[in-house]
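Enquirer: Below are the structure tokens for one structure; questions will follow.
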Amino acid sequence: MNLLVRNATLPDGSTGVDVLAQGGRIVAVGPHLSAPEGTPVLAAEGHLLSPPFVDAHFHMDATLSHGLPRVNQSGTLLEGIALWGELKPLLTQEALVERALQYCDWAVAKGLLAIRTHVDVCDDRLLAVDALLHVKAQVKPYLDMQLVAFPQDGVLRAPNALVNLKRALDRGVDVVGGIPHFERTMADGAESVRLLCEVAAERGLRVDMHCDETDDPMSRHIETLAFHTQRLNLHGRVAGSHLTSMHSMDNYYVSKLIPLIAEAQVHAIPNPLANIVLQGRHDTYPKRRGMTRVPELMAAGVTVAFGHDSVMDPWYSLGSGDMLEVAHMGLHVGQMTSQAQMRACFDAVTVNPAKVLGLEGYGLGVGCHADFVLLQASSPVEAIRLRATRLAVVRRGAVISRMPASTATLTLPGRSSEVDWSLRR
Ligand code: FE2
């Protein structure tokens with residue numbers, strides 16, 4: 001599809017920029033571009049044009065199941081796991097597909113056009129695997145889905161989990177998952193990391209493990225993950241998701257650990273919305289935060305991508321597919337309020353997860369896919385502040401979603417009647 005975006009502001013701060021797309025790819029970026037007769041025009045009117053949002057960590061097999069078969073009353077991780085166990089036998093492929101497609105609609109409307117989702121492979125029927133493979137194919141024209149074979153109950157702890165994980169990979173699941181801190185012992189956790197990394201190396205696949213999602217400072221499977229990444233030469237192809245134990249670790253140990261993560265080019269995927277409510281639950285006061293050491297990882301050159309993790313499922317009763325809400329929470333939990341850090345939080349829901357997923361043709365350069373989101377904001381930081389309205393979402397040069405600008409009409413004496421929350425100087 002062809003499209004001319006007129007007068008946009010880009011995330012790097014450049015203004016008055018036109019972007020011309022032909023055949024679904026960007027062919028020119030610059031001021032005052034001309035386009036062939038009949039090219040559709042999207043008037044950006046100075047608003048922020050960004051590459052689409054990318055979610056590096058999600059659970060689409062559980063999403064939108066809120067209330068099935070009951071609501072998580074306590075809001076805790078343990079009740080969530082119990083509830084998922086109650087729900088699993090009741091799942092049907094049709095219902096899974098329907099909920100996932102509904103979530104993908106929400107995602108598209110929020111400018112979220114690529115999602116890495118874990119899919120539980122501990123069920124011998126592989127019901128969720130087949131459902132999400134079907135969804136992946138169905139949404140491909142408008143949303144990139146990447147599936148992770150996730151042994152929720154532990155690849156060594158649960159019967160058939162390793163066999164089922166390999167069956168899922170044989171069916172087309174993209175990435176090898178794991179959950180070492182959930183295995184029976186620390187030794188089993190380390191062994192699970194070794195064997196899963198070897199499965200990935202043999203098959204030429206990426207790795208993304210739920211790793212150390214606990215407040216136990218001795219949960220150090222990320223060290224083992226970095227080691228096997230190095231040993232098997234999987235640099236840049238491995239991610240550690242959650243990594244919450246790092247919050248509670250001894251500083252001296254972390255001063256050794258982070259350089260090892262950076263050396264192995266292991267990516268970090270914190271999930272600030274879910275973990276700020278799920279972690280620290282055994283604490284009285286002060287209560288620990290459920291997020292890994294994001295500023296320190298970024299400073300060491302580690303690629304950090306924020307994930308949404310859950311929306312309306314057994315673990316989290318909130319959420320709407322809004323990656324700006326994720327960035328907003330990550331920024332606050334990490335106390336990332338310097339100008340550079342706030343800007344980095346926008347990268348953590350756009351370019352960084354695109355790198356983690358290995359997306360081809362992502363970005364605003366010539367030759368990239370013509371995929372954009374037009375935000376009712378003037379900068380990335382303002383977009384986070386306002387969780388800005390997605391005025392338009394573009395996929396391969398075609399506008400696939402539009403939303404009216406967010407304004408309020410006031411009826412106050414002597415004051416302007418339109419409020420749009422931007423700061424005008
Ligand atoms: Fe997760």
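Here, A, B, ... name the chains of the structure tokens in the order displayed, residue numbers run from 1 inside each chain, and ligands are numbered from 1 in the same displayed order.
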Excluding same-chain residues fewer than 4 positions from Arg184 (chain A), what lies within 9 Å of it counting only C-alpha atoms, as a list in words?
Expert: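 So, after excluding close chain neighbours, the residues are Gly154, Leu156, Arg157, Pro180, Asp188 and Gly189 of chain A.
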Enquirer: Any residue with an atom at most 7 Å from ligand 1 counts, using only C-alpha atoms and all ligand atoms. Which are they? Put them as a ChimeraX atom specification.
Expert: /A:57-59,210,309
Enquirer: Please identify all polymer residues within 12 Å of Glu45 (chain A), counting only C-alpha atoms, omitting same-chain residues fewer than 3 positions from it, and present them as a ChimeraX atom specification.
Expert: /A:5-9,15-18,41-42,48-49,374-378,391,405
Enquirer: Kindly export the residues of the current selection with N, CA, C and O atoms, as an mmCIF file, in the first residue's frame.
Expert:
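What ended up in out00.cif:
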data_model
loop_
_atom_site.group_PDB
_atom_site.id
_atom_site.type_symbol
_atom_site.label_atom_id
_atom_site.label_comp_id
_atom_site.auth_asym_id
_atom_site.auth_seq_id
_atom_site.Cartn_x
_atom_site.Cartn_y
_atom_site.Cartn_z
ATOM 1 N N VAL A 5 2.684 10.289 4.831
ATOM 2 C CA VAL A 5 2.432 10.897 6.137
ATOM 3 C C VAL A 5 3.037 12.289 6.093
ATOM 4 O O VAL A 5 4.225 12.460 5.813
ATOM 5 N N ARG A 6 2.219 13.271 6.381
ATOM 6 C CA ARG A 6 2.621 14.666 6.225
ATOM 7 C C ARG A 6 2.859 15.325 7.582
ATOM 8 O O ARG A 6 2.019 15.207 8.474
ATOM 9 N N ASN A 7 4.004 15.971 7.759
ATOM 10 C CA ASN A 7 4.294 16.829 8.914
ATOM 11 C C ASN A 7 4.242 16.093 10.251
ATOM 12 O O ASN A 7 3.445 16.418 11.125
ATOM 13 N N ALA A 8 5.112 15.111 10.389
ATOM 14 C CA ALA A 8 5.178 14.349 11.646
ATOM 15 C C ALA A 8 6.367 14.795 12.482
ATOM 16 O O ALA A 8 7.352 15.331 11.968
ATOM 17 N N THR A 9 6.260 14.559 13.780
ATOM 18 C CA THR A 9 7.420 14.631 14.676
ATOM 19 C C THR A 9 7.871 13.199 14.923
ATOM 20 O O THR A 9 7.036 12.320 15.141
ATOM 21 N N THR A 15 11.299 17.411 13.509
ATOM 22 C CA THR A 15 9.928 17.876 13.254
ATOM 23 C C THR A 15 9.748 18.199 11.772
ATOM 24 O O THR A 15 10.716 18.328 11.027
ATOM 25 N N GLY A 16 8.474 18.326 11.388
ATOM 26 C CA GLY A 16 8.169 18.678 10.008
ATOM 27 C C GLY A 16 8.591 17.600 9.020
ATOM 28 O O GLY A 16 8.961 17.898 7.884
ATOM 29 N N VAL A 17 8.517 16.360 9.435
ATOM 30 C CA VAL A 17 9.015 15.252 8.611
ATOM 31 C C VAL A 17 7.850 14.591 7.857
ATOM 32 O O VAL A 17 6.791 14.325 8.436
ATOM 33 N N ASP A 18 8.067 14.331 6.583
ATOM 34 C CA ASP A 18 7.135 13.530 5.787
ATOM 35 C C ASP A 18 7.711 12.124 5.641
ATOM 36 O O ASP A 18 8.937 11.941 5.590
ATOM 37 N N VAL A 41 -3.072 10.477 1.850
ATOM 38 C CA VAL A 41 -2.280 11.318 2.759
ATOM 39 C C VAL A 41 -2.821 11.174 4.184
ATOM 40 O O VAL A 41 -4.035 11.218 4.408
ATOM 41 N N LEU A 42 -1.903 10.973 5.114
ATOM 42 C CA LEU A 42 -2.245 10.984 6.534
ATOM 43 C C LEU A 42 -1.625 12.249 7.125
ATOM 44 O O LEU A 42 -0.393 12.363 7.200
ATOM 45 N N LEU A 48 3.382 12.956 17.086
ATOM 46 C CA LEU A 48 4.488 11.994 17.129
ATOM 47 C C LEU A 48 4.167 10.745 16.305
ATOM 48 O O LEU A 48 3.173 10.068 16.557
ATOM 49 N N LEU A 49 5.049 10.466 15.350
ATOM 50 C CA LEU A 49 4.934 9.241 14.549
ATOM 51 C C LEU A 49 6.019 8.283 15.028
ATOM 52 O O LEU A 49 7.214 8.590 14.934
ATOM 53 N N LEU A 374 0.508 6.792 15.086
ATOM 54 C CA LEU A 374 0.484 8.253 15.225
ATOM 55 C C LEU A 374 -0.158 8.579 16.566
ATOM 56 O O LEU A 374 -1.305 8.221 16.823
ATOM 57 N N LEU A 375 0.636 9.243 17.407
ATOM 58 C CA LEU A 375 0.211 9.483 18.790
ATOM 59 C C LEU A 375 -0.149 10.948 19.011
ATOM 60 O O LEU A 375 0.523 11.836 18.475
ATOM 61 N N GLN A 376 -1.154 11.170 19.829
ATOM 62 C CA GLN A 376 -1.544 12.541 20.160
ATOM 63 C C GLN A 376 -0.598 13.060 21.245
ATOM 64 O O GLN A 376 -0.969 13.236 22.404
ATOM 65 N N ALA A 377 0.644 13.274 20.820
ATOM 66 C CA ALA A 377 1.699 13.731 21.722
ATOM 67 C C ALA A 377 2.775 14.363 20.861
ATOM 68 O O ALA A 377 2.847 14.111 19.653
ATOM 69 N N SER A 378 3.625 15.168 21.503
ATOM 70 C CA SER A 378 4.685 15.837 20.745
ATOM 71 C C SER A 378 6.045 15.191 20.948
ATOM 72 O O SER A 378 7.005 15.542 20.269
ATOM 73 N N LEU A 391 -3.965 8.108 17.392
ATOM 74 C CA LEU A 391 -4.813 8.767 16.387
ATOM 75 C C LEU A 391 -4.973 7.891 15.151
ATOM 76 O O LEU A 391 -6.044 7.858 14.538
ATOM 77 N N ALA A 405 -9.137 12.375 18.489
ATOM 78 C CA ALA A 405 -8.266 13.016 19.480
ATOM 79 C C ALA A 405 -8.986 13.114 20.822
ATOM 80 O O ALA A 405 -10.207 13.269 20.887
#
Enquirer: Mind pulling up the distance from CA of Gly172 (chain A) to CA of His242 (chain A)?
Expert: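 Value for the CA of His242 (chain A)-CA of Gly172 (chain A) distance: 24.8 Å.
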Enquirer: Among the residues of region 246-402 of chain A, find those DSSP assigns to strand (DSSP E) from the backbone and print them as number ranges by chain.
Expert: A: 267-269, 372-375, 390-395, 398-402
Enquirer: Emit the selected residues as a CSV table (one decimal), in the first residue's frame, including all heavy atoms.
Expert:
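So result_16.csv came out as:
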chain,number,residue,atom,x,y,z
A,267,HIS,N,19.2,-10.6,26.8
A,267,HIS,CA,18.2,-9.5,26.9
A,267,HIS,C,17.4,-9.7,28.2
A,267,HIS,O,17.2,-10.8,28.7
A,267,HIS,CB,17.3,-9.4,25.8
A,267,HIS,CG,17.9,-9.5,24.4
A,267,HIS,ND1,19.0,-8.7,24.1
A,267,HIS,CD2,17.7,-10.3,23.3
A,267,HIS,CE1,19.4,-8.9,22.9
A,267,HIS,NE2,18.6,-9.9,22.4
A,268,ALA,N,17.0,-8.6,28.8
A,268,ALA,CA,16.2,-8.6,30.0
A,268,ALA,C,14.7,-8.1,29.7
A,268,ALA,O,14.6,-7.1,29.0
A,268,ALA,CB,16.8,-7.7,31.1
A,269,ILE,N,13.8,-8.8,30.2
A,269,ILE,CA,12.4,-8.5,30.0
A,269,ILE,C,11.6,-8.3,31.3
A,269,ILE,O,11.0,-9.3,31.8
A,269,ILE,CB,11.7,-9.5,29.1
A,269,ILE,CG1,12.5,-9.7,27.8
A,269,ILE,CG2,10.2,-9.0,28.7
A,269,ILE,CD1,11.9,-10.8,26.8
A,372,PHE,N,3.4,2.1,11.5
A,372,PHE,CA,3.5,3.2,12.4
A,372,PHE,C,2.4,3.3,13.3
A,372,PHE,O,1.3,2.8,13.1
A,372,PHE,CB,3.5,4.6,11.7
A,372,PHE,CG,4.1,4.6,10.3
A,372,PHE,CD1,3.3,4.8,9.2
A,372,PHE,CD2,5.5,4.5,10.1
A,372,PHE,CE1,3.9,4.9,7.9
A,372,PHE,CE2,6.1,4.5,8.9
A,372,PHE,CZ,5.3,4.7,7.8
A,373,VAL,N,2.6,4.1,14.4
A,373,VAL,CA,1.5,4.6,15.2
A,373,VAL,C,1.6,6.1,15.3
A,373,VAL,O,2.7,6.6,15.6
A,373,VAL,CB,1.4,3.9,16.6
A,373,VAL,CG1,2.7,4.0,17.3
A,373,VAL,CG2,0.2,4.4,17.4
A,374,LEU,N,0.5,6.8,15.1
A,374,LEU,CA,0.5,8.3,15.2
A,374,LEU,C,-0.2,8.6,16.6
A,374,LEU,O,-1.3,8.2,16.8
A,374,LEU,CB,-0.3,8.9,14.1
A,374,LEU,CG,-0.4,10.4,14.1
A,374,LEU,CD1,1.0,11.0,13.8
A,374,LEU,CD2,-1.3,10.9,13.0
A,375,LEU,N,0.6,9.2,17.4
A,375,LEU,CA,0.2,9.5,18.8
A,375,LEU,C,-0.1,10.9,19.0
A,375,LEU,O,0.5,11.8,18.5
A,375,LEU,CB,1.3,9.1,19.7
A,375,LEU,CG,1.7,7.6,19.7
A,375,LEU,CD1,3.1,7.4,20.2
A,375,LEU,CD2,0.7,6.8,20.5
A,390,ARG,N,-4.0,6.9,20.4
A,390,ARG,CA,-3.5,6.5,19.1
A,390,ARG,C,-4.4,7.0,18.0
A,390,ARG,O,-5.5,6.4,17.7
A,390,ARG,CB,-3.5,4.9,19.1
A,390,ARG,CG,-2.4,4.3,19.8
A,390,ARG,CD,-2.4,4.5,21.3
A,390,ARG,NE,-1.5,3.5,22.0
A,390,ARG,CZ,-1.3,3.6,23.3
A,390,ARG,NH1,-1.8,4.5,24.1
A,390,ARG,NH2,-0.5,2.7,23.8
A,391,LEU,N,-4.0,8.1,17.4
A,391,LEU,CA,-4.8,8.8,16.4
A,391,LEU,C,-5.0,7.9,15.2
A,391,LEU,O,-6.0,7.9,14.5
A,391,LEU,CB,-4.2,10.1,16.0
A,391,LEU,CG,-4.1,11.1,17.2
A,391,LEU,CD1,-3.2,12.3,16.7
A,391,LEU,CD2,-5.5,11.6,17.6
A,392,ALA,N,-3.9,7.2,14.8
A,392,ALA,CA,-3.9,6.3,13.6
A,392,ALA,C,-2.9,5.2,13.8
A,392,ALA,O,-1.8,5.4,14.4
A,392,ALA,CB,-3.7,7.1,12.3
A,393,VAL,N,-3.2,4.0,13.3
A,393,VAL,CA,-2.3,2.9,13.3
A,393,VAL,C,-2.2,2.4,11.8
A,393,VAL,O,-3.2,2.3,11.2
A,393,VAL,CB,-2.8,1.8,14.2
A,393,VAL,CG1,-1.8,0.6,14.2
A,393,VAL,CG2,-3.0,2.2,15.6
A,394,VAL,N,-0.9,2.3,11.4
A,394,VAL,CA,-0.7,2.0,10.0
A,394,VAL,C,0.1,0.7,9.9
A,394,VAL,O,1.1,0.5,10.7
A,394,VAL,CB,0.2,3.1,9.3
A,394,VAL,CG1,0.6,2.7,7.9
A,394,VAL,CG2,-0.6,4.4,9.3
A,395,ARG,N,-0.3,-0.2,9.0
A,395,ARG,CA,0.4,-1.5,8.8
A,395,ARG,C,0.6,-1.6,7.3
A,395,ARG,O,-0.3,-1.6,6.5
A,395,ARG,CB,-0.5,-2.6,9.3
A,395,ARG,CG,0.0,-4.1,9.0
A,395,ARG,CD,1.1,-4.5,9.9
A,395,ARG,NE,1.3,-5.9,9.8
A,395,ARG,CZ,2.2,-6.6,10.5
A,395,ARG,NH1,3.0,-6.0,11.4
A,395,ARG,NH2,2.4,-7.9,10.3
A,398,ALA,N,-1.1,0.8,5.1
A,398,ALA,CA,-2.5,1.0,5.1
A,398,ALA,C,-3.0,1.4,6.5
A,398,ALA,O,-2.5,0.8,7.5
A,398,ALA,CB,-3.2,-0.3,4.7
A,399,VAL,N,-3.9,2.4,6.6
A,399,VAL,CA,-4.4,2.8,8.0
A,399,VAL,C,-5.4,1.7,8.4
A,399,VAL,O,-6.4,1.4,7.7
A,399,VAL,CB,-5.1,4.2,7.9
A,399,VAL,CG1,-5.7,4.5,9.2
A,399,VAL,CG2,-4.1,5.3,7.5
A,400,ILE,N,-5.1,1.1,9.5
A,400,ILE,CA,-5.9,0.0,10.0
A,400,ILE,C,-6.7,0.3,11.3
A,400,ILE,O,-7.5,-0.5,11.7
A,400,ILE,CB,-5.1,-1.3,10.2
A,400,ILE,CG1,-4.0,-1.1,11.2
A,400,ILE,CG2,-4.6,-1.9,8.9
A,400,ILE,CD1,-3.3,-2.4,11.6
A,401,SER,N,-6.4,1.5,11.9
A,401,SER,CA,-7.2,1.9,13.0
A,401,SER,C,-7.1,3.4,13.2
A,401,SER,O,-6.1,4.0,12.9
A,401,SER,CB,-6.7,1.2,14.3
A,401,SER,OG,-7.3,1.6,15.4
A,402,ARG,N,-8.2,4.0,13.6
A,402,ARG,CA,-8.2,5.4,13.8
A,402,ARG,C,-9.0,5.6,15.1
A,402,ARG,O,-9.9,4.9,15.5
A,402,ARG,CB,-9.0,6.1,12.7
A,402,ARG,CG,-8.2,6.4,11.5
A,402,ARG,CD,-9.0,7.2,10.5
A,402,ARG,NE,-8.3,7.5,9.2
A,402,ARG,CZ,-7.4,8.4,9.0
A,402,ARG,NH1,-7.1,9.3,10.0
A,402,ARG,NH2,-6.8,8.6,7.9
Enquirer: Leaving out Thr244 (chain A) and any residue of its chain fewer than 6 positions from it, which residues lie within 8 Å of it when counting only C-alpha atoms, given as a PDB file with all heavy atoms, in the first residue's frame?
Expert:
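Written out: selection.pdb:
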ATOM      1  N   ASP A 212      13.830 -16.595  37.514  1.00  0.00           N
ATOM      2  CA  ASP A 212      13.954 -15.961  38.843  1.00  0.00           C
ATOM      3  C   ASP A 212      12.798 -15.018  39.134  1.00  0.00           C
ATOM      4  O   ASP A 212      13.003 -13.935  39.696  1.00  0.00           O
ATOM      5  CB  ASP A 212      15.293 -15.210  38.956  1.00  0.00           C
ATOM      6  CG  ASP A 212      16.490 -16.098  38.664  1.00  0.00           C
ATOM      7  OD1 ASP A 212      16.456 -17.282  39.035  1.00  0.00           O
ATOM      8  OD2 ASP A 212      17.463 -15.603  38.044  1.00  0.00           O
ATOM      9  N   GLU A 213      11.570 -15.424  38.814  1.00  0.00           N
ATOM     10  CA  GLU A 213      10.403 -14.600  39.153  1.00  0.00           C
ATOM     11  C   GLU A 213      10.021 -14.908  40.593  1.00  0.00           C
ATOM     12  O   GLU A 213       9.037 -15.583  40.877  1.00  0.00           O
ATOM     13  CB  GLU A 213       9.230 -14.864  38.198  1.00  0.00           C
ATOM     14  CG  GLU A 213       8.101 -13.852  38.401  1.00  0.00           C
ATOM     15  CD  GLU A 213       6.880 -14.101  37.529  1.00  0.00           C
ATOM     16  OE1 GLU A 213       6.854 -15.125  36.822  1.00  0.00           O
ATOM     17  OE2 GLU A 213       5.961 -13.267  37.566  1.00  0.00           O
ATOM     18  N   THR A 214      10.836 -14.415  41.478  1.00  0.00           N
ATOM     19  CA  THR A 214      10.717 -14.700  42.908  1.00  0.00           C
ATOM     20  C   THR A 214      11.422 -13.577  43.665  1.00  0.00           C
ATOM     21  O   THR A 214      12.229 -12.847  43.096  1.00  0.00           O
ATOM     22  CB  THR A 214      11.356 -16.072  43.242  1.00  0.00           C
ATOM     23  OG1 THR A 214      11.666 -16.138  44.639  1.00  0.00           O
ATOM     24  CG2 THR A 214      12.659 -16.290  42.490  1.00  0.00           C
ATOM     25  N   ASP A 215      11.113 -13.470  44.959  1.00  0.00           N
ATOM     26  CA  ASP A 215      11.810 -12.495  45.803  1.00  0.00           C
ATOM     27  C   ASP A 215      13.032 -13.115  46.486  1.00  0.00           C
ATOM     28  O   ASP A 215      13.702 -12.438  47.265  1.00  0.00           O
ATOM     29  CB  ASP A 215      10.857 -11.963  46.879  1.00  0.00           C
ATOM     30  CG  ASP A 215       9.701 -11.173  46.282  1.00  0.00           C
ATOM     31  OD1 ASP A 215       9.953 -10.377  45.368  1.00  0.00           O
ATOM     32  OD2 ASP A 215       8.553 -11.362  46.727  1.00  0.00           O
ATOM     33  N   PRO A 270      11.672  -7.167  31.929  1.00  0.00           N
ATOM     34  CA  PRO A 270      10.873  -6.949  33.135  1.00  0.00           C
ATOM     35  C   PRO A 270       9.403  -6.745  32.761  1.00  0.00           C
ATOM     36  O   PRO A 270       9.092  -6.292  31.658  1.00  0.00           O
ATOM     37  CB  PRO A 270      11.443  -5.648  33.723  1.00  0.00           C
ATOM     38  CG  PRO A 270      12.602  -5.271  32.845  1.00  0.00           C
ATOM     39  CD  PRO A 270      12.453  -5.987  31.551  1.00  0.00           C
ATOM     40  N   ASN A 275       4.469  -7.510  38.025  1.00  0.00           N
ATOM     41  CA  ASN A 275       5.353  -7.830  39.136  1.00  0.00           C
ATOM     42  C   ASN A 275       5.292  -6.823  40.289  1.00  0.00           C
ATOM     43  O   ASN A 275       5.598  -7.178  41.422  1.00  0.00           O
ATOM     44  CB  ASN A 275       6.777  -8.044  38.636  1.00  0.00           C
ATOM     45  CG  ASN A 275       6.920  -9.366  37.905  1.00  0.00           C
ATOM     46  OD1 ASN A 275       7.420  -9.433  36.799  1.00  0.00           O
ATOM     47  ND2 ASN A 275       6.437 -10.449  38.502  1.00  0.00           N
ATOM     48  N   GLN A 279       4.895  -9.428  43.351  1.00  0.00           N
ATOM     49  CA  GLN A 279       6.091  -9.671  44.174  1.00  0.00           C
ATOM     50  C   GLN A 279       5.977  -8.935  45.508  1.00  0.00           C
ATOM     51  O   GLN A 279       5.122  -8.070  45.688  1.00  0.00           O
ATOM     52  CB  GLN A 279       7.355  -9.232  43.432  1.00  0.00           C
ATOM     53  CG  GLN A 279       7.528  -9.832  42.044  1.00  0.00           C
ATOM     54  CD  GLN A 279       7.434 -11.342  42.005  1.00  0.00           C
ATOM     55  OE1 GLN A 279       6.683 -11.903  41.220  1.00  0.00           O
ATOM     56  NE2 GLN A 279       8.183 -12.011  42.841  1.00  0.00           N
ATOM     57  N   GLY A 290       8.667  -5.356  42.739  1.00  0.00           N
ATOM     58  CA  GLY A 290       8.780  -6.546  41.898  1.00  0.00           C
ATOM     59  C   GLY A 290       9.378  -6.259  40.548  1.00  0.00           C
ATOM     60  O   GLY A 290       8.838  -6.690  39.528  1.00  0.00           O
ATOM     61  N   MET A 291      10.465  -5.510  40.530  1.00  0.00           N
ATOM     62  CA  MET A 291      11.075  -5.253  39.227  1.00  0.00           C
ATOM     63  C   MET A 291      12.593  -5.373  39.340  1.00  0.00           C
ATOM     64  O   MET A 291      13.193  -4.972  40.329  1.00  0.00           O
ATOM     65  CB  MET A 291      10.697  -3.875  38.674  1.00  0.00           C
ATOM     66  CG  MET A 291      11.015  -3.750  37.181  1.00  0.00           C
ATOM     67  SD  MET A 291      10.202  -2.359  36.376  1.00  0.00           S
ATOM     68  CE  MET A 291      11.309  -1.034  36.772  1.00  0.00           C
ATOM     69  N   THR A 292      13.173  -5.924  38.276  1.00  0.00           N
ATOM     70  CA  THR A 292      14.624  -6.097  38.249  1.00  0.00           C
ATOM     71  C   THR A 292      15.336  -4.748  38.140  1.00  0.00           C
ATOM     72  O   THR A 292      14.687  -3.701  38.088  1.00  0.00           O
ATOM     73  CB  THR A 292      15.009  -7.048  37.095  1.00  0.00           C
ATOM     74  OG1 THR A 292      16.355  -7.464  37.270  1.00  0.00           O
ATOM     75  CG2 THR A 292      14.847  -6.376  35.736  1.00  0.00           C
TER      76      THR A 292
END
Enquirer: Might you pull out every residue within 7 Å of Leu143 (chain A), with only C-alpha atoms counted and same-chain residues fewer than 3 positions away left off, and present them as a ChimeraX atom specification?
Expert: /A:113-114,139-140
Enquirer: Produce a file of the selected residues containing C-alpha atoms, as a tab-separated table (two decimals), in the first residue's frame.
Expert:
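File written: again-v8.tsv
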chain	number	residue	atom	x	y	z
A	113	LEU	CA	1.64	-4.71	16.23
A	114	ALA	CA	4.05	-7.38	17.47
A	139	VAL	CA	-3.56	-12.12	12.38
A	140	LYS	CA	-0.37	-12.21	10.29
Enquirer: Go through A:Gly358, A:Pro295, A:Pro353, A:Pro272 and flag the residue nearest Val175 (chain A), using only C-alpha atoms for the distances.
Expert: A:Gly358
Enquirer: From the list A:Leu257, A:Leu10, A:Val135, A:Leu78, which residue is nearest Thr224 (chain A) when using only C-alpha atoms?
Expert: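 Going through A:Leu257, A:Leu10, A:Val135, A:Leu78 one by one, the smallest distance to Thr224 (chain A) is for A:Leu257.
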Enquirer: Give me, as a ChimeraX atom specification, the residues of region 60-257 of chain A that a backbone DSSP run labels helix (DSSP H, G or I).
Expert: /A:77-90,93-109,127-139,161-171,180-182,186-203,221-231,245-248,251-257
Enquirer: Give me, as a ChimeraX atom specification, all polymer residues having an atom no more than 10 Å from His235 (chain A), counting only C-alpha atoms and skipping those fewer than 4 positions away in the same chain.
Expert: /A:206,226,228-231,239,262-267
Enquirer: Quick one: everything within 6 Å of Gly397 (chain A), counting only C-alpha atoms, minus sequence neighbours fewer than 6 positions away in the same chain. Send it as a PyMOL selection string.
Expert: chain A and resi 1-3+21+24+370
Enquirer: Kindly provide the residues of region 82-142 of chain A that approach region 322-329 of chain A to within 10 Å, each paired with its closest atom pair and their distance in Å to one decimal, based on only C-alpha atoms, listed by chain and increasing number, as CSV.
Expert:
residue,atom,partner,partner_atom,distance
A:Trp106,CA,A:Asp322,CA,8.6
A:Ala107,CA,A:Asp322,CA,7.3
A:Val108,CA,A:Asp322,CA,9.9
A:Ala109,CA,A:Asp322,CA,9.2
A:Lys110,CA,A:Asp322,CA,5.9
A:Gly111,CA,A:Asp322,CA,8.3
A:Leu112,CA,A:Met323,CA,7.3
Enquirer: Okay, now the selection with N, CA and C atoms, as a CSV table (one decimal), in the first residue's frame?
Expert:
chain,number,residue,atom,x,y,z
A,106,TRP,N,-7.8,-5.4,20.4
A,106,TRP,CA,-7.4,-4.4,21.4
A,106,TRP,C,-6.0,-3.9,21.1
A,107,ALA,N,-5.1,-4.8,20.9
A,107,ALA,CA,-3.7,-4.5,20.6
A,107,ALA,C,-3.5,-3.6,19.4
A,108,VAL,N,-4.1,-3.9,18.3
A,108,VAL,CA,-4.0,-3.1,17.1
A,108,VAL,C,-4.5,-1.7,17.4
A,109,ALA,N,-5.6,-1.6,18.0
A,109,ALA,CA,-6.2,-0.3,18.3
A,109,ALA,C,-5.2,0.6,19.2
A,110,LYS,N,-4.4,-0.1,19.9
A,110,LYS,CA,-3.4,0.6,20.8
A,110,LYS,C,-2.0,0.7,20.1
A,111,GLY,N,-2.0,0.4,18.8
A,111,GLY,CA,-0.7,0.5,18.1
A,111,GLY,C,0.3,-0.6,18.4
A,112,LEU,N,-0.2,-1.7,19.0
A,112,LEU,CA,0.7,-2.8,19.4
A,112,LEU,C,0.6,-3.8,18.3
Enquirer: Can you measure CA of Asp55 (chain A) to CA of Leu260 (chain A) for me? One decimal in Å is fine.
Expert: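 These atoms are spaced 25.1 Å apart.
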Enquirer: Under the rule that only C-alpha atoms are counted, which of A:Ala56, A:Leu90, A:Ile222, A:Leu278 is the nearest residue to Ser74 (chain A)?
Expert: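 Going through A:Ala56, A:Leu90, A:Ile222, A:Leu278 one by one, the smallest distance to Ser74 (chain A) is for A:Leu278.
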Enquirer: So, with only C-alpha atoms as the atoms that count, which of A:Glu79, A:Glu94, A:Glu86, A:Asp61 lies closest to Val121 (chain A)?
Expert: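 For Val121 (chain A), the nearest of the given residues is A:Asp61.
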Enquirer: Any idea what the distance is between CA of Val97 (chain A) and CA of His134 (chain A)?
Expert: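 Separating CA of Val97 (chain A) from CA of His134 (chain A) is a distance of 7.6 Å.
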Enquirer: When you count only C-alpha atoms, which of these residues is closest to Asp174 (chain A): A:Ala149, A:Cys211, A:Val193, A:Val254?
Expert: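 Residue with the minimum atom-to-atom distance to Asp174 (chain A): A:Ala149.
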